[in-house]
file entry.cif (mmCIF, C-alpha atoms)
data_structure
#
loop_
_atom_site.label_atom_id
_atom_site.label_comp_id
_atom_site.auth_asym_id
_atom_site.auth_seq_id
_atom_site.Cartn_x
_atom_site.Cartn_y
_atom_site.Cartn_z
CA MET A 287 -87.29 127.85 -185.57
CA ALA A 288 -90.73 128.17 -187.17
CA GLU A 289 -90.96 128.62 -190.91
CA ALA A 290 -91.86 132.09 -192.10
CA PRO A 291 -95.42 132.31 -193.40
CA LEU A 292 -95.08 132.49 -197.18
CA PRO A 293 -98.66 131.88 -198.27
CA ALA A 294 -98.07 132.87 -201.89
CA ILE A 295 -95.28 130.32 -202.22
CA ARG A 296 -96.81 127.62 -200.06
CA SER A 297 -100.03 127.65 -202.04
CA LEU A 298 -98.23 126.76 -205.29
CA PRO A 299 -98.75 123.18 -206.48
CA SER A 300 -95.05 122.96 -207.31
CA TRP A 301 -94.09 123.83 -203.72
CA LEU A 302 -96.58 121.35 -202.27
CA LEU A 303 -95.44 118.61 -204.65
CA GLY A 304 -91.84 119.33 -203.72
CA ARG A 305 -92.65 118.98 -200.02
CA ALA A 306 -94.59 115.78 -200.59
CA ALA A 307 -91.75 114.40 -202.74
CA ALA A 308 -89.16 115.28 -200.10
CA ARG A 309 -91.23 113.55 -197.44
CA GLY A 310 -91.69 110.50 -199.66
CA ARG A 311 -87.96 110.31 -200.46
CA ALA A 312 -87.11 110.57 -196.77
CA LEU A 313 -89.55 107.79 -195.84
CA VAL A 314 -88.24 105.50 -198.59
CA ALA A 315 -84.59 106.35 -197.86
CA ASP A 316 -85.09 105.47 -194.19
CA ALA A 317 -86.85 102.22 -195.08
CA LEU A 318 -84.07 101.23 -197.50
CA ALA A 319 -81.38 102.21 -195.00
CA ALA A 320 -82.89 99.67 -192.60
CA GLU A 321 -82.01 97.07 -195.28
CA GLY A 322 -78.54 98.56 -195.71
CA MET A 323 -79.41 100.11 -199.07
CA LYS A 324 -79.33 103.57 -200.61
CA MET A 325 -81.90 104.90 -203.06
CA TRP A 326 -79.77 104.71 -206.21
CA HIS A 327 -78.52 101.24 -205.27
CA HIS A 328 -82.15 100.14 -205.07
CA VAL A 329 -82.94 101.76 -208.43
CA VAL A 330 -79.99 99.99 -210.07
CA LEU A 331 -80.89 96.62 -208.53
CA SER A 332 -84.47 96.99 -209.72
CA ALA A 333 -83.41 97.95 -213.24
CA VAL A 334 -80.93 95.06 -213.41
CA ARG A 335 -83.69 92.65 -212.39
CA ASP A 336 -86.02 94.04 -215.06
CA LEU A 337 -83.44 94.20 -217.87
CA ALA A 338 -80.91 91.45 -217.08
CA PRO A 339 -78.67 90.52 -218.51
CA VAL A 340 -78.11 94.13 -219.49
CA ALA A 341 -75.08 95.87 -220.90
CA GLN A 342 -73.70 98.30 -218.37
CA ALA A 343 -74.00 101.24 -220.81
CA ASP A 344 -77.63 100.35 -221.60
CA LEU A 345 -78.38 100.13 -217.90
CA GLY A 346 -77.02 103.63 -217.32
CA ARG A 347 -79.04 105.04 -220.21
CA GLY A 348 -82.15 103.20 -219.04
CA ILE A 349 -82.12 104.86 -215.62
CA ALA A 350 -80.54 108.14 -216.76
CA LEU A 351 -77.52 107.79 -214.48
CA ASP A 352 -74.11 109.19 -215.30
CA PRO A 353 -71.72 106.36 -216.26
CA LYS A 354 -69.20 107.31 -213.55
CA ASP A 355 -71.90 107.20 -210.89
CA LEU A 356 -73.20 103.89 -212.23
CA VAL A 357 -69.73 102.33 -212.04
CA GLY A 358 -69.43 103.30 -208.38
CA ILE A 359 -72.84 101.87 -207.55
CA LEU A 360 -72.15 98.67 -209.47
CA ASN A 361 -68.80 98.35 -207.68
CA ASP A 362 -70.66 98.59 -204.34
CA LEU A 363 -73.32 96.09 -205.42
CA GLN A 364 -70.77 93.65 -206.82
CA ALA A 365 -68.58 93.87 -203.70
CA ALA A 366 -71.68 93.02 -201.64
CA GLY A 367 -72.38 90.01 -203.85
CA LEU A 368 -75.64 91.46 -205.21
CA VAL A 369 -74.81 91.72 -208.93
CA LEU A 370 -72.47 90.05 -211.39
CA ARG A 371 -70.64 91.81 -214.20
CA GLU A 372 -69.50 89.42 -216.87
CA PRO A 373 -68.57 89.79 -220.52
CA ASP A 374 -71.73 90.29 -222.59
CA PRO A 375 -72.27 87.15 -224.69
CA ARG A 376 -73.54 89.34 -227.56
CA ASP A 377 -70.55 91.70 -227.46
CA ARG A 378 -67.49 90.65 -225.46
CA ARG A 379 -66.28 94.27 -225.36
CA LYS A 380 -69.16 95.12 -223.02
CA ASN A 381 -70.07 94.05 -219.52
CA ALA A 382 -73.46 92.43 -218.92
CA VAL A 383 -74.94 92.94 -215.47
CA SER A 384 -77.26 90.49 -213.74
CA LEU A 385 -78.58 89.90 -210.22
CA THR A 386 -77.23 87.24 -207.93
CA GLU A 387 -79.65 85.19 -205.84
CA GLU A 388 -78.75 87.33 -202.82
CA GLY A 389 -79.38 90.46 -204.89
CA GLY A 390 -82.83 89.17 -205.77
CA ARG A 391 -83.63 88.40 -202.13
CA LEU A 392 -82.47 91.84 -200.99
CA LEU A 393 -84.40 93.52 -203.78
CA LYS A 394 -87.62 91.81 -202.63
CA ARG A 395 -87.06 93.06 -199.09
CA CYS A 396 -86.32 96.57 -200.36
CA GLU A 397 -89.41 96.59 -202.56
CA LYS A 398 -91.53 95.61 -199.56
CA ALA A 399 -89.91 98.33 -197.45
CA ALA A 400 -90.44 100.94 -200.19
CA ARG A 401 -94.12 99.92 -200.58
CA GLU A 402 -94.63 100.25 -196.84
CA ALA A 403 -92.97 103.68 -196.85
CA ASN A 404 -95.21 104.80 -199.70
CA ASP A 405 -98.23 103.45 -197.85
CA ALA A 406 -97.21 105.60 -194.88
CA LEU A 407 -96.88 108.62 -197.18
CA LEU A 408 -100.38 108.08 -198.56
CA ALA A 409 -101.96 106.99 -195.28
CA PRO A 410 -104.10 110.15 -194.98
CA LEU A 411 -105.87 109.20 -198.24
CA SER A 412 -108.62 106.66 -198.80
CA THR A 413 -108.08 103.90 -201.36
CA ALA A 414 -110.16 105.79 -203.92
CA GLU A 415 -108.23 109.00 -203.20
CA ARG A 416 -104.92 107.15 -203.61
CA ASP A 417 -106.00 105.78 -206.98
CA ARG A 418 -107.14 109.22 -208.14
CA PHE A 419 -103.98 110.87 -206.77
CA MET A 420 -101.78 108.39 -208.64
CA ASP A 421 -103.73 108.99 -211.87
CA LEU A 422 -103.28 112.73 -211.46
CA LEU A 423 -99.57 112.43 -210.64
CA ILE A 424 -99.02 110.33 -213.76
CA ARG A 425 -100.82 112.93 -215.88
CA ILE A 426 -98.92 115.94 -214.54
CA SER A 427 -95.54 114.20 -214.36
CA GLY A 428 -95.45 113.61 -218.10
CA THR A 429 -94.95 109.89 -217.67
CA ASP A 430 -97.26 107.21 -218.91
CA GLY A 431 -97.10 105.21 -215.70
#

call {"tool": "encode", "arguments": {"input": "entry.cif", "output": "structure tokens"}}
result
Amino acid sequence: MAEAPLPAIRSLPSWLLGRAAARGRALVADALAAEGMKMWHHVVLSAVRDLAPVAQADLGRGIALDPKDLVGILNDLQAAGLVLREPDPRDRRKNAVSLTEEGGRLLKRCEKAAREANDALLAPLSTAERDRFMDLLIRISGTDG
């Protein structure tokens, strides 16, 4: 079924950004699925690598993920041998999370897959256009990169 022509809606930057974001998420999700990973699992692995050893609560706050959801993801990652949860040496009441060697290897493969998916998303743009597009996205997203 063809989409109804909604030119007023489809000309809005917010609608176009939403479509581009959905396409980007789908490309990355498919690439990660080929590695046996889900998006949030990849986010958590990446954050653990960057912050490790990190208290579980700090990890959740750092990626803005609900603690219950984080526990489920960490359970999955630990069961797969990708992360370790051990008592935090600074505060034994907390768990510190770190990557295993296998987690690090998988994360590298996932990062490569995600880069390739993003390259596919931006394939219609020249290198200069990609750089400019990224600068503009950073400005309008309210992040500092």

call {"tool": "closest_residue", "arguments": {"input": "entry.cif", "among": "A:Leu370, A:Leu423, A:Ala308, A:Ala320", "to": "A:Val334", "atoms": "all atoms listed in the file"}}
result
A:Leu370

call {"tool": "resolve_selection", "arguments": {"input": "entry.cif", "expression": "the PyMOL selection byres ((chain A and resi 404-409) around 9)", "output": "PyMOL selection string"}}
result
chain A and resi 306+309-310+313-314+399-403+410-412+416

call {"tool": "write_last_selection", "arguments": {"input": "entry.cif", "atoms": "C-alpha atoms", "output": "mmCIF file, in the frame of the given file"}}
result
data_model
loop_
_atom_site.group_PDB
_atom_site.id
_atom_site.type_symbol
_atom_site.label_atom_id
_atom_site.label_comp_id
_atom_site.auth_asym_id
_atom_site.auth_seq_id
_atom_site.Cartn_x
_atom_site.Cartn_y
_atom_site.Cartn_z
ATOM 1 C CA ALA A 306 -94.590 115.780 -200.590
ATOM 2 C CA ARG A 309 -91.230 113.550 -197.440
ATOM 3 C CA GLY A 310 -91.690 110.500 -199.660
ATOM 4 C CA LEU A 313 -89.550 107.790 -195.840
ATOM 5 C CA VAL A 314 -88.240 105.500 -198.590
ATOM 6 C CA ALA A 399 -89.910 98.330 -197.450
ATOM 7 C CA ALA A 400 -90.440 100.940 -200.190
ATOM 8 C CA ARG A 401 -94.120 99.920 -200.580
ATOM 9 C CA GLU A 402 -94.630 100.250 -196.840
ATOM 10 C CA ALA A 403 -92.970 103.680 -196.850
ATOM 11 C CA PRO A 410 -104.100 110.150 -194.980
ATOM 12 C CA LEU A 411 -105.870 109.200 -198.240
ATOM 13 C CA SER A 412 -108.620 106.660 -198.800
ATOM 14 C CA ARG A 416 -104.920 107.150 -203.610
#

call {"tool": "atom_distance", "arguments": {"input": "entry.cif", "atom1": "atom CA of A:Leu368", "atom2": "atom CA of A:Leu385"}}
result
6.0 Å

call {"tool": "resolve_selection", "arguments": {"input": "entry.cif", "expression": "the PyMOL selection byres ((chain A and resi 331) around 12)", "output": "ChimeraX atom specification"}}
result
/A:323-330,332-340,345-346,349,356,359-360,362-364,367-370,383-397

call {"tool": "residues_around", "arguments": {"input": "entry.cif", "residues": "A:Arg305", "least_positions_apart": "6", "cutoff": "10 Å", "atoms": "only C-alpha atoms", "output": "PyMOL selection string"}}
result
chain A and resi 296+299+311

call {"tool": "atom_distance", "arguments": {"input": "entry.cif", "atom1": "atom CA of A:Leu422", "atom2": "atom CA of A:Ser300"}}
result
13.8 Å

call {"tool": "atom_distance", "arguments": {"input": "entry.cif", "atom1": "atom CA of A:Gln342", "atom2": "atom CA of A:Asp374"}}
result
9.3 Å

call {"tool": "axis_aligned_box", "arguments": {"input": "entry.cif", "around": "stretch 371-382 of chain A", "padding_each_side": "8 Å", "output": "JSON"}}
result
{"center_x": -69.9, "center_y": 91.1, "center_z": -220.9, "size_x": 23.3, "size_y": 24.0, "size_z": 29.4}
